[in-house]
Each structure stands twice: as structure tokens, then as C-alpha cells.
Amino acid sequence: MKAAGAAAGAAGVAVGVGAGTTALAVPASAADSPFAHPGLLHTRSDLERMATKVKADARPYAAGFAKLAANRHAQSGWRANPQATVYRGAGSPQNYAALYNDIHAAYQNALRYHVSGDTAHADTAVAILNAWSGKLTSIQGSADRFLAAGLYGYQFANAAELVRDHGDFALGRAQELMRNVFHPLSDSFLEHHNNAVVTNYWPNWDLTAIACVLATGIFCDDRAVVDRAVEYFKHGDGMGSVKHAIPVVHDDGLAEWVEAGRDQGHALLGVGLMGTVCEMAWNQGIDLYGYDDNRFLKGAQYVAKWSLGGEVAYTANTRKKGAIGGWSGSETATGAAGVDPAMTRPIWAMIANHYTKRRGLSASYVTRAAAKAAPEGGGGDYGPNSGGYDQLGFGTLAFTRDRVEVAVGGAPSAGPSGAASGGGARPQGAVSASASPAGNRDLAATGAEDLVGWAAAAGVSAVAGGLLLLRRRDRVRRGGAE
């Protein structure tokens with residue numbers, strides 16, 4: 001595979017001068033510059049970091065790669081089972097499992113190639129993706145067809161992005177599949193919400209669609225499509241825009257996740273999807289992680305604390321339901337649902353490493369959740385049903401990172417790939433949180449067996465009561481987005 005695009009490693013902006021001073025990473029490129037490829041969940045410098053760390057048998061990368069190599073989807077003998085029409089929720093046959101299993105096999109083989117250098121895995125990924133782009137023409141079913149388009153669309157684009165420069169990969173055909181099959185359903189959902197009232201669907205429905213639209217825009221080099229996803233994330237009318245999904249910011253620095261009033265599994269899914277959107281945007285120079293005074297961090301902290309068994313506040317939320325011009329009703333969630341602290345999804349490593357490593361902020365609960373889940377697996381490691389395939393996973397391998405630091409005199413030190421990490425555009429929205437920077441201990445040197453050390457590294461002991469003390473810019477909001 002030939003090299004493609006400019007390296008998109010994190011750049012640094014110093015917050016002080018002197019040896020060992022923490023630098024704040026910024027998005028990889030200016031928002032109006034050409035798209036960086038690969039540039040969805042993984043940049044070229046990310047892939048180089050993974051390969052270098054695994055070759056050196058560094059913790060916890062080696063454990064993360066072992067998790068990947070052991071997954072049955074990551075084997076070069078995988079053979080695709082493409083379908084012309086995929087059905088989810090209704091129609092016959094209910095064959096959507098063939099799609100998500102093959103996409104995860106393509107992604108895992110592509111990732112395994114980049115880390116190991118074994119071209120058989122790249123060839124397998126290309127064969128799977130080419131088989132589907134040569135046959136799939138539509139996604140049908142109940143309202144669940146929108147979930148299928150959103151989830152499997154963003155995942156297909158991520159797998160394809162990793163092999164876009166392979167000599168045998170049908171890039172143009174894959175882009176047409178994204179434009180003509182996955183994207184139209186996701187874009188339609190954001191516009192019309194399946195002809196239901198806008199609050200009928202919980203945030204995850206919007207978030208799957210946002211992820212697919214954003215991934216389509218980046219993979220297909222379409223700035224207008226990217227802008228559509230970003231605008232909806234910030235200001236969309238549906239439940240998945242950030243101020244509707246996270247409607248209330250409390251004085252303790254936590255912000256309630258509205259879907260916590262539904263159940264734990266869907267709240268975890270939502271955090272994973274919003275993190276995915278933020279990471280893909282970040283790698284193209286758009287800072288959604290820091291948008292609205294790090295609102296996503298506050299919401300992720302809330303869900304992490306609650307999922308770990310902690311008590312959280314919840315403001316009663318009533319939403320209208322029904323079809324436009326048809327039946328109508330309402331539903332009220334009055335408190336956070338019960339949780340199983342053993343439940344996990346492979347979502348936390350990406351979020352924890354962004355806020356504590358790139359941005360130097362405390363993220364105590366998120367970091368504890370990441371440590372508990374490590375090493376994160378992927379599709380096939382979390383049960384046989386579709387919920388176990390909602391995230392691509394392997395965050396311990398893919399998102400663990402070293403802190404960006406500034407050498408004497410303020411010059412950026414070399415990053416994991418050996419290139420200086422200075423320069424680059426500033427984020428679109430400046431980070432204004434006042435949480436303490438993470439401690440000097442490297443989170444990459446810890447794993448699931450070292451929960452106490454990892455939590456301490458993120459500054460838990462320095463934050464009273466274990467709560468993230470972020471400066472609030474807004475008072476508690478009880479009526480959704482402004």
C-alpha cells in the first residue's frame with residue numbers, strides 16, 4: 001500500500017514554557033483544508049504509533065493487539081457473504097448480521113495489517129469491501145433500517161479508509177456505496193425522523209445518522225456533507241444534538257445524559273457514538289470534543305460514574321412521541337435507570353485518552369471506566385447479537401497515547417512517530433475548562449489490573465469527591481437546547 005495524504009498526528013500548543021510542560025493537542029488540520037487520509041477514527045500517525053508500540057511489546061498496546069489477533073473476525077481466511085438487499089427489523093430474510101460481521105472482519109483485518117505489516121490481512125479487508133460494494137444496492141426494513149444505515153455506514157467507511165490506497169481496492173465503487181446506499185437514509189433521518197415528531201426517537205438514532213453522514217463526507221471528500229453533520233451535532237432539532245442529548249449541566253461539573261433515563265445499554269451506546277463523531281471530526285481539524293465548554297466530557301463523566309455504580313442526579317424529562325399527523329403521546333423519564341457495573345462497551349479508551357492526554361484535563365470517572373474495560377476488544381468480543389457490534393472497538397490498542405510535551409524553550413517534543421508535533425491549526429472552539437492537568441504517569445503503562453494507578457494518573461486524588469471540577473459557563477438548563 002502506498003502512503004496517502006499528510007500525516008495527521010496531534011499537534012501541540014504549549015500552556016507553559018520549560019522542560020516537561022504539558023502541551024494541549026489541537027485538531028490535526030484546519031477545517032477548510034483538504035481532507036487528511038486516512039482520517040476517520042485513525043490517522044497515519046495513529047497507525048504508526050500502534051505498530052511501533054506493539055513491535056516494542058509496550059503495555060498496554062501489546063495486550064490490545066493480542067485481543068485483536070485472537071478475534072475470529074481478524075483472520076485472513078475470512079470470506080465475505082455480500083447481499084444485494086439488507087433487511088433489519090422487517091422484510092425477508094433478516095440478514096443484516098451478514099453485513100455487520102463482514103464489516104467488522106474488514107476493519108479488523110485492515111487494522112491488523114497496519115500494525116503487523118502482514119499484507120494477507122490487507123488483501124482480505126479489500127476482498128470483503130469490494131464484494132459488498134459490488135453487490136449491495138439497498139437497505140430495507142422497519143425504522144431499524146435507519147439504524148442499519150447509520151451504524152454500518154460509518155463502520156464501512158472506517159474499514160475502507162484503512163485500505164483506500166491498496167492497489168486492488170475499488171475506491172470509487174466504495175464511495176458510491178456510501179453516497180447512494182448508506183448516506184441517503186441517514187441524511188433523511190436527520191431531516192424527517194421517519195415522519196415522526198422530532199423527539200420521538202432517543203438520541204442514539206440521531207447519533208448513528210450523524211456518524212454516517214460525517215464519515216461519508218470525509219471518506220468521499222465532500223465538505224458540504226461534513227458541514228451538515230457538524231451543524232446538526234451543534235444545533236440539530238433532534239434528541240441527538242449535543243444540547244438535547246446532554247440537556248442539564250450541574251454545579252458539580254457533571255452533565256446528565258438524557259438516555260440514562262431509558263437504560264444503561266443505550267446510554268453507553270450513545271456515549272460511544274458521540275465519541276466516534278468527535279474523534280472523526282477532530283482528525284479533520286474540527287473540535288467537537290471541546291464544543292460548548294467540553295459538554296461531551298461532562299456528559300461522558302456522568303455516564304461513567306453512573307455505570308460504575310455511583311449516584312447521579314436526573315432531571316425529569318418529558319418528550320413528545322408519535323407520527324406527524326397521526327397518533328401522538330408523551331413519555332416521561334423521572335430518574336436514572338438501574339445499572340449493572342459489570343456491563344461495558346469498548347468506548348472509554350478513546351474518550352479518556354483524548355481528554356487526559358491530548359487536552360491535559362482530569363476525567364476521573366471516564367479514566368476509571370477505561371481502565372476497567374481494558375484491554376478493549378471489538379465486534380465478536382461482546383456477544384453474538386447486533387449490540388456487540390455497534391462499536392468498532394480495540395481502543396486500548398488504537399487510542400492509548402503518550403502525552404504531548406514541550407521541551408526546553410517551548411519547542412514541541414517529538415511525537416510517537418518521531419515527527420515534531422507542533423504547528424497545526426488551533427481548535428475551532430477553545431478549551432475553557434479549568435480542570436487540573438493529568439499527572440505525569442503515562443496511562444499507556446497501565447492496564448485493567450492497575451485501576452488504582454491509572455485513576456490516580458488522571459488526577460482523581462486531586463479532585464474533591466472524585467468529581468470533575470469544570471468551570472461552568474451556563475447555569476443548569478432544564479428545557480433542552482437554547
# chains A, B, ... in the order shown; residues from 1 in each chain; ligands from 1
call {"tool": "select_by_dssp", "arguments": {"residues": "range 230-371 of chain A", "states": "alpha helix (DSSP H)", "output": "PyMOL selection string"}}
result
chain A and resi 230-235+242-245+264-282+291-307+348-353+364-371
call {"tool": "select_by_dssp", "arguments": {"residues": "range 204-385 of chain A", "states": "strand (DSSP E)", "output": "PyMOL selection string"}}
result
chain A and resi 248-249+255-256+317-322+328-333
call {"tool": "write_last_selection", "arguments": {"atoms": "all heavy atoms", "output": "JSON list (two decimals), in the first residue's frame"}}
result
[["chain", "number", "residue", "atom", "x", "y", "z"],
["A", 248, "VAL", "N", -28.71, 19.02, 30.73],
["A", 248, "VAL", "CA", -28.57, 19.70, 32.01],
["A", 248, "VAL", "C", -27.13, 19.58, 32.50],
["A", 248, "VAL", "O", -26.60, 18.48, 32.62],
["A", 248, "VAL", "CB", -29.51, 19.10, 33.08],
["A", 248, "VAL", "CG1", -29.34, 19.83, 34.41],
["A", 248, "VAL", "CG2", -30.96, 19.17, 32.62],
["A", 249, "VAL", "N", -26.50, 20.71, 32.78],
["A", 249, "VAL", "CA", -25.16, 20.75, 33.36],
["A", 249, "VAL", "C", -25.30, 21.15, 34.83],
["A", 249, "VAL", "O", -25.88, 22.18, 35.15],
["A", 249, "VAL", "CB", -24.26, 21.75, 32.63],
["A", 249, "VAL", "CG1", -22.86, 21.80, 33.26],
["A", 249, "VAL", "CG2", -24.16, 21.40, 31.15],
["A", 255, "ALA", "N", -22.81, 16.41, 33.68],
["A", 255, "ALA", "CA", -23.94, 16.82, 32.85],
["A", 255, "ALA", "C", -24.75, 15.58, 32.52],
["A", 255, "ALA", "O", -24.21, 14.62, 31.96],
["A", 255, "ALA", "CB", -23.46, 17.51, 31.58],
["A", 256, "GLU", "N", -26.02, 15.58, 32.86],
["A", 256, "GLU", "CA", -26.79, 14.35, 32.73],
["A", 256, "GLU", "C", -27.05, 13.97, 31.27],
["A", 256, "GLU", "O", -27.32, 14.83, 30.43],
["A", 256, "GLU", "CB", -28.09, 14.43, 33.52],
["A", 256, "GLU", "CG", -29.10, 15.43, 33.05],
["A", 256, "GLU", "CD", -30.24, 15.55, 34.07],
["A", 256, "GLU", "OE1", -29.95, 15.84, 35.24],
["A", 256, "GLU", "OE2", -31.39, 15.36, 33.67],
["A", 317, "ASN", "N", -37.66, 14.32, 32.51],
["A", 317, "ASN", "CA", -37.65, 14.73, 31.11],
["A", 317, "ASN", "C", -38.87, 14.14, 30.42],
["A", 317, "ASN", "O", -39.06, 12.93, 30.39],
["A", 317, "ASN", "CB", -36.37, 14.25, 30.43],
["A", 317, "ASN", "CG", -36.29, 14.64, 28.97],
["A", 317, "ASN", "OD1", -36.92, 14.02, 28.12],
["A", 317, "ASN", "ND2", -35.53, 15.68, 28.69],
["A", 318, "THR", "N", -39.71, 15.00, 29.86],
["A", 318, "THR", "CA", -40.88, 14.55, 29.11],
["A", 318, "THR", "C", -40.68, 14.87, 27.64],
["A", 318, "THR", "O", -40.36, 16.00, 27.28],
["A", 318, "THR", "CB", -42.16, 15.24, 29.61],
["A", 318, "THR", "OG1", -42.36, 14.91, 30.98],
["A", 318, "THR", "CG2", -43.37, 14.79, 28.80],
["A", 319, "ARG", "N", -40.85, 13.87, 26.82],
["A", 319, "ARG", "CA", -40.69, 14.07, 25.39],
["A", 319, "ARG", "C", -41.96, 13.63, 24.66],
["A", 319, "ARG", "O", -42.62, 12.67, 25.06],
["A", 319, "ARG", "CB", -39.48, 13.30, 24.85],
["A", 319, "ARG", "CG", -39.56, 11.82, 25.02],
["A", 319, "ARG", "CD", -38.24, 11.11, 24.72],
["A", 319, "ARG", "NE", -38.41, 9.66, 24.78],
["A", 319, "ARG", "CZ", -38.73, 8.90, 23.74],
["A", 319, "ARG", "NH1", -38.88, 9.45, 22.54],
["A", 319, "ARG", "NH2", -38.89, 7.60, 23.88],
["A", 320, "LYS", "N", -42.26, 14.35, 23.60],
["A", 320, "LYS", "CA", -43.42, 14.01, 22.79],
["A", 320, "LYS", "C", -43.08, 12.87, 21.86],
["A", 320, "LYS", "O", -41.96, 12.74, 21.39],
["A", 320, "LYS", "CB", -43.88, 15.23, 21.99],
["A", 320, "LYS", "CG", -44.40, 16.38, 22.85],
["A", 320, "LYS", "CD", -44.86, 17.55, 21.99],
["A", 320, "LYS", "CE", -45.41, 18.67, 22.84],
["A", 320, "LYS", "NZ", -45.83, 19.83, 22.02],
["A", 321, "LYS", "N", -44.07, 12.02, 21.61],
["A", 321, "LYS", "CA", -43.90, 10.87, 20.73],
["A", 321, "LYS", "C", -45.01, 10.86, 19.71],
["A", 321, "LYS", "O", -46.06, 11.49, 19.89],
["A", 321, "LYS", "CB", -43.95, 9.56, 21.54],
["A", 321, "LYS", "CG", -42.88, 9.44, 22.60],
["A", 321, "LYS", "CD", -43.11, 8.20, 23.46],
["A", 321, "LYS", "CE", -43.03, 6.92, 22.67],
["A", 321, "LYS", "NZ", -43.22, 5.72, 23.52],
["A", 322, "GLY", "N", -44.80, 10.13, 18.64],
["A", 322, "GLY", "CA", -45.86, 9.95, 17.68],
["A", 322, "GLY", "C", -45.48, 10.31, 16.27],
["A", 322, "GLY", "O", -44.39, 10.81, 16.00],
["A", 328, "SER", "N", -50.34, 10.37, 18.72],
["A", 328, "SER", "CA", -49.39, 11.16, 19.50],
["A", 328, "SER", "C", -49.48, 10.77, 20.96],
["A", 328, "SER", "O", -50.46, 10.17, 21.41],
["A", 328, "SER", "CB", -49.66, 12.66, 19.33],
["A", 328, "SER", "OG", -50.94, 12.98, 19.84],
["A", 329, "GLY", "N", -48.48, 11.11, 21.70],
["A", 329, "GLY", "CA", -48.43, 10.82, 23.12],
["A", 329, "GLY", "C", -47.19, 11.43, 23.71],
["A", 329, "GLY", "O", -46.54, 12.28, 23.10],
["A", 330, "SER", "N", -46.85, 11.02, 24.91],
["A", 330, "SER", "CA", -45.65, 11.53, 25.56],
["A", 330, "SER", "C", -45.11, 10.47, 26.50],
["A", 330, "SER", "O", -45.81, 9.53, 26.88],
["A", 330, "SER", "CB", -45.94, 12.82, 26.34],
["A", 330, "SER", "OG", -46.84, 12.57, 27.41],
["A", 331, "GLU", "N", -43.88, 10.63, 26.87],
["A", 331, "GLU", "CA", -43.21, 9.71, 27.78],
["A", 331, "GLU", "C", -42.31, 10.52, 28.70],
["A", 331, "GLU", "O", -41.60, 11.42, 28.25],
["A", 331, "GLU", "CB", -42.38, 8.70, 26.97],
["A", 331, "GLU", "CG", -41.66, 7.68, 27.81],
["A", 331, "GLU", "CD", -40.91, 6.67, 26.95],
["A", 331, "GLU", "OE1", -39.93, 7.10, 26.28],
["A", 331, "GLU", "OE2", -41.28, 5.50, 26.93],
["A", 332, "THR", "N", -42.34, 10.22, 29.98],
["A", 332, "THR", "CA", -41.54, 10.95, 30.95],
["A", 332, "THR", "C", -40.56, 10.00, 31.63],
["A", 332, "THR", "O", -40.95, 8.95, 32.13],
["A", 332, "THR", "CB", -42.43, 11.60, 32.02],
["A", 332, "THR", "OG1", -43.32, 12.52, 31.39],
["A", 332, "THR", "CG2", -41.59, 12.35, 33.05],
["A", 333, "ALA", "N", -39.31, 10.38, 31.63],
["A", 333, "ALA", "CA", -38.29, 9.68, 32.41],
["A", 333, "ALA", "C", -38.04, 10.50, 33.66],
["A", 333, "ALA", "O", -37.74, 11.69, 33.58],
["A", 333, "ALA", "CB", -37.00, 9.53, 31.60]]
call {"tool": "residues_around", "arguments": {"residues": "Ile103 in chain A", "least_positions_apart": "5", "cutoff": "10 Å", "atoms": "only C-alpha atoms", "output": "NGL selection string"}}
result
:A and (73 or 80 or 97-98 or 108-109 or 125 or 128-129 or 132 or 152-153 or 155-160 or 379 or 389 or 392)
call {"tool": "atom_distance", "arguments": {"atom1": "CA of Gly238 in chain A", "atom2": "CA of Val303 in chain A"}}
result
20.3 Å
call {"tool": "atom_distance", "arguments": {"atom1": "CA of Leu151 in chain A", "atom2": "CA of Tyr201 in chain A"}}
result
15.6 Å
call {"tool": "residues_around", "arguments": {"residues": "Thr334 in chain A", "least_positions_apart": "3", "cutoff": "8 Å", "atoms": "only C-alpha atoms", "output": "mmCIF file with N, CA, C and O atoms, in the first residue's frame"}}
result
data_model
loop_
_atom_site.group_PDB
_atom_site.id
_atom_site.type_symbol
_atom_site.label_atom_id
_atom_site.label_comp_id
_atom_site.auth_asym_id
_atom_site.auth_seq_id
_atom_site.Cartn_x
_atom_site.Cartn_y
_atom_site.Cartn_z
ATOM 1 N N GLY A 261 -32.120 7.961 31.524
ATOM 2 C CA GLY A 261 -33.481 7.712 31.974
ATOM 3 C C GLY A 261 -34.140 6.560 31.249
ATOM 4 O O GLY A 261 -35.260 6.158 31.615
ATOM 5 N N TYR A 314 -30.832 13.354 38.219
ATOM 6 C CA TYR A 314 -31.534 13.259 36.936
ATOM 7 C C TYR A 314 -32.751 14.171 36.983
ATOM 8 O O TYR A 314 -33.563 14.095 37.903
ATOM 9 N N THR A 315 -32.864 15.035 35.998
ATOM 10 C CA THR A 315 -33.990 15.953 35.903
ATOM 11 C C THR A 315 -35.091 15.313 35.075
ATOM 12 O O THR A 315 -34.833 14.841 33.961
ATOM 13 N N ALA A 316 -36.288 15.246 35.598
ATOM 14 C CA ALA A 316 -37.404 14.635 34.871
ATOM 15 C C ALA A 316 -37.504 15.221 33.477
ATOM 16 O O ALA A 316 -37.442 16.442 33.284
ATOM 17 N N ASN A 317 -37.656 14.320 32.508
ATOM 18 C CA ASN A 317 -37.653 14.730 31.112
ATOM 19 C C ASN A 317 -38.874 14.145 30.417
ATOM 20 O O ASN A 317 -39.058 12.933 30.393
#
call {"tool": "residues_around", "arguments": {"residues": "Gly236 in chain A", "least_positions_apart": "4", "cutoff": "12 Å", "atoms": "only C-alpha atoms", "output": "PyMOL selection string"}}
result
chain A and resi 189-193+198-199+203+206-207+209-210+228-232+240-245+480-482
call {"tool": "write_last_selection", "arguments": {"atoms": "N, CA and C atoms", "output": "compact mmCIF listing (two decimals), in the first residue's frame"}}
result
# COMPACT_ATOMS: atom_id res chain seq x y z
N PHE A 189 -33.03 10.69 7.75
CA PHE A 189 -33.47 10.60 9.14
C PHE A 189 -33.25 11.92 9.87
N LEU A 190 -32.11 12.55 9.66
CA LEU A 190 -31.86 13.83 10.31
C LEU A 190 -32.84 14.90 9.86
N GLU A 191 -33.31 14.79 8.64
CA GLU A 191 -34.24 15.79 8.10
C GLU A 191 -35.68 15.50 8.50
N HIS A 192 -36.10 14.24 8.44
CA HIS A 192 -37.52 13.92 8.59
C HIS A 192 -37.85 13.01 9.78
N HIS A 193 -36.86 12.38 10.37
CA HIS A 193 -37.08 11.49 11.51
C HIS A 193 -38.18 10.47 11.26
N VAL A 198 -40.14 15.22 16.20
CA VAL A 198 -38.70 15.22 16.26
C VAL A 198 -38.15 14.58 17.52
N THR A 199 -38.92 14.57 18.61
CA THR A 199 -38.45 13.96 19.85
C THR A 199 -38.89 12.51 20.01
N PRO A 203 -31.74 9.76 21.56
CA PRO A 203 -30.55 10.32 20.91
C PRO A 203 -29.77 9.37 20.02
N ASP A 206 -30.37 9.62 16.17
CA ASP A 206 -29.68 10.74 15.54
C ASP A 206 -28.18 10.51 15.46
N LEU A 207 -27.60 9.99 16.54
CA LEU A 207 -26.15 9.86 16.60
C LEU A 207 -25.62 8.86 15.58
N ALA A 209 -26.97 8.39 12.70
CA ALA A 209 -27.07 9.11 11.43
C ALA A 209 -25.98 10.16 11.29
N ILE A 210 -25.71 10.91 12.37
CA ILE A 210 -24.63 11.91 12.32
C ILE A 210 -23.30 11.24 12.00
N ARG A 228 -22.76 19.54 7.17
CA ARG A 228 -24.12 19.16 7.56
C ARG A 228 -24.11 18.40 8.88
N ALA A 229 -23.18 17.43 9.01
CA ALA A 229 -23.09 16.64 10.23
C ALA A 229 -22.67 17.49 11.42
N VAL A 230 -21.69 18.36 11.21
CA VAL A 230 -21.20 19.21 12.29
C VAL A 230 -22.28 20.17 12.76
N GLU A 231 -22.99 20.77 11.84
CA GLU A 231 -24.06 21.70 12.20
C GLU A 231 -25.15 21.00 12.99
N TYR A 232 -25.49 19.78 12.58
CA TYR A 232 -26.53 19.05 13.30
C TYR A 232 -26.06 18.68 14.70
N GLY A 240 -30.45 13.84 19.34
CA GLY A 240 -29.04 13.50 19.31
C GLY A 240 -28.08 14.67 19.22
N SER A 241 -28.56 15.88 18.99
CA SER A 241 -27.66 17.03 19.03
C SER A 241 -27.18 17.20 20.47
N VAL A 242 -26.01 17.79 20.64
CA VAL A 242 -25.32 17.68 21.92
C VAL A 242 -26.11 18.29 23.08
N LYS A 243 -26.83 19.39 22.85
CA LYS A 243 -27.55 20.01 23.97
C LYS A 243 -28.88 19.34 24.26
N HIS A 244 -29.36 18.49 23.35
CA HIS A 244 -30.53 17.69 23.64
C HIS A 244 -30.14 16.36 24.28
N ALA A 245 -29.05 15.78 23.82
CA ALA A 245 -28.59 14.53 24.42
C ALA A 245 -28.06 14.75 25.83
N GLY A 480 -33.80 21.74 27.65
CA GLY A 480 -33.14 21.30 26.42
C GLY A 480 -32.22 22.36 25.88
N ALA A 481 -31.98 22.33 24.59
CA ALA A 481 -31.06 23.27 23.96
C ALA A 481 -31.64 24.67 23.97
N GLU A 482 -30.77 25.64 23.96
CA GLU A 482 -31.22 27.02 23.91
C GLU A 482 -31.64 27.41 22.51
call {"tool": "residues_around", "arguments": {"residues": "Ile139 in chain A", "least_positions_apart": "6", "cutoff": "7 Å", "atoms": "only C-alpha atoms", "output": "NGL selection string"}}
result
:A and (85-87 or 145 or 149 or 181)
call {"tool": "residues_around", "arguments": {"residues": "Ala90 in chain A", "least_positions_apart": "5", "cutoff": "10 Å", "atoms": "only C-alpha atoms", "output": "list in words"}}
result
Gln140, Gly141, Ser142, Ala143, Asp144 and Arg145 of chain A
call {"tool": "atom_distance", "arguments": {"atom1": "CA of Gly387 in chain A", "atom2": "CA of Ile351 in chain A"}}
result
19.8 Å
call {"tool": "closest_residue", "arguments": {"among": "A:Ala84, A:Ala170, A:Ala69, A:Leu273", "to": "Thr208 in chain A", "atoms": "only C-alpha atoms"}}
result
A:Leu273
call {"tool": "closest_residue", "arguments": {"among": "A:Ala58, A:Leu136, A:Leu111, A:Leu68", "to": "Tyr96 in chain A", "atoms": "only C-alpha atoms"}}
result
A:Leu136
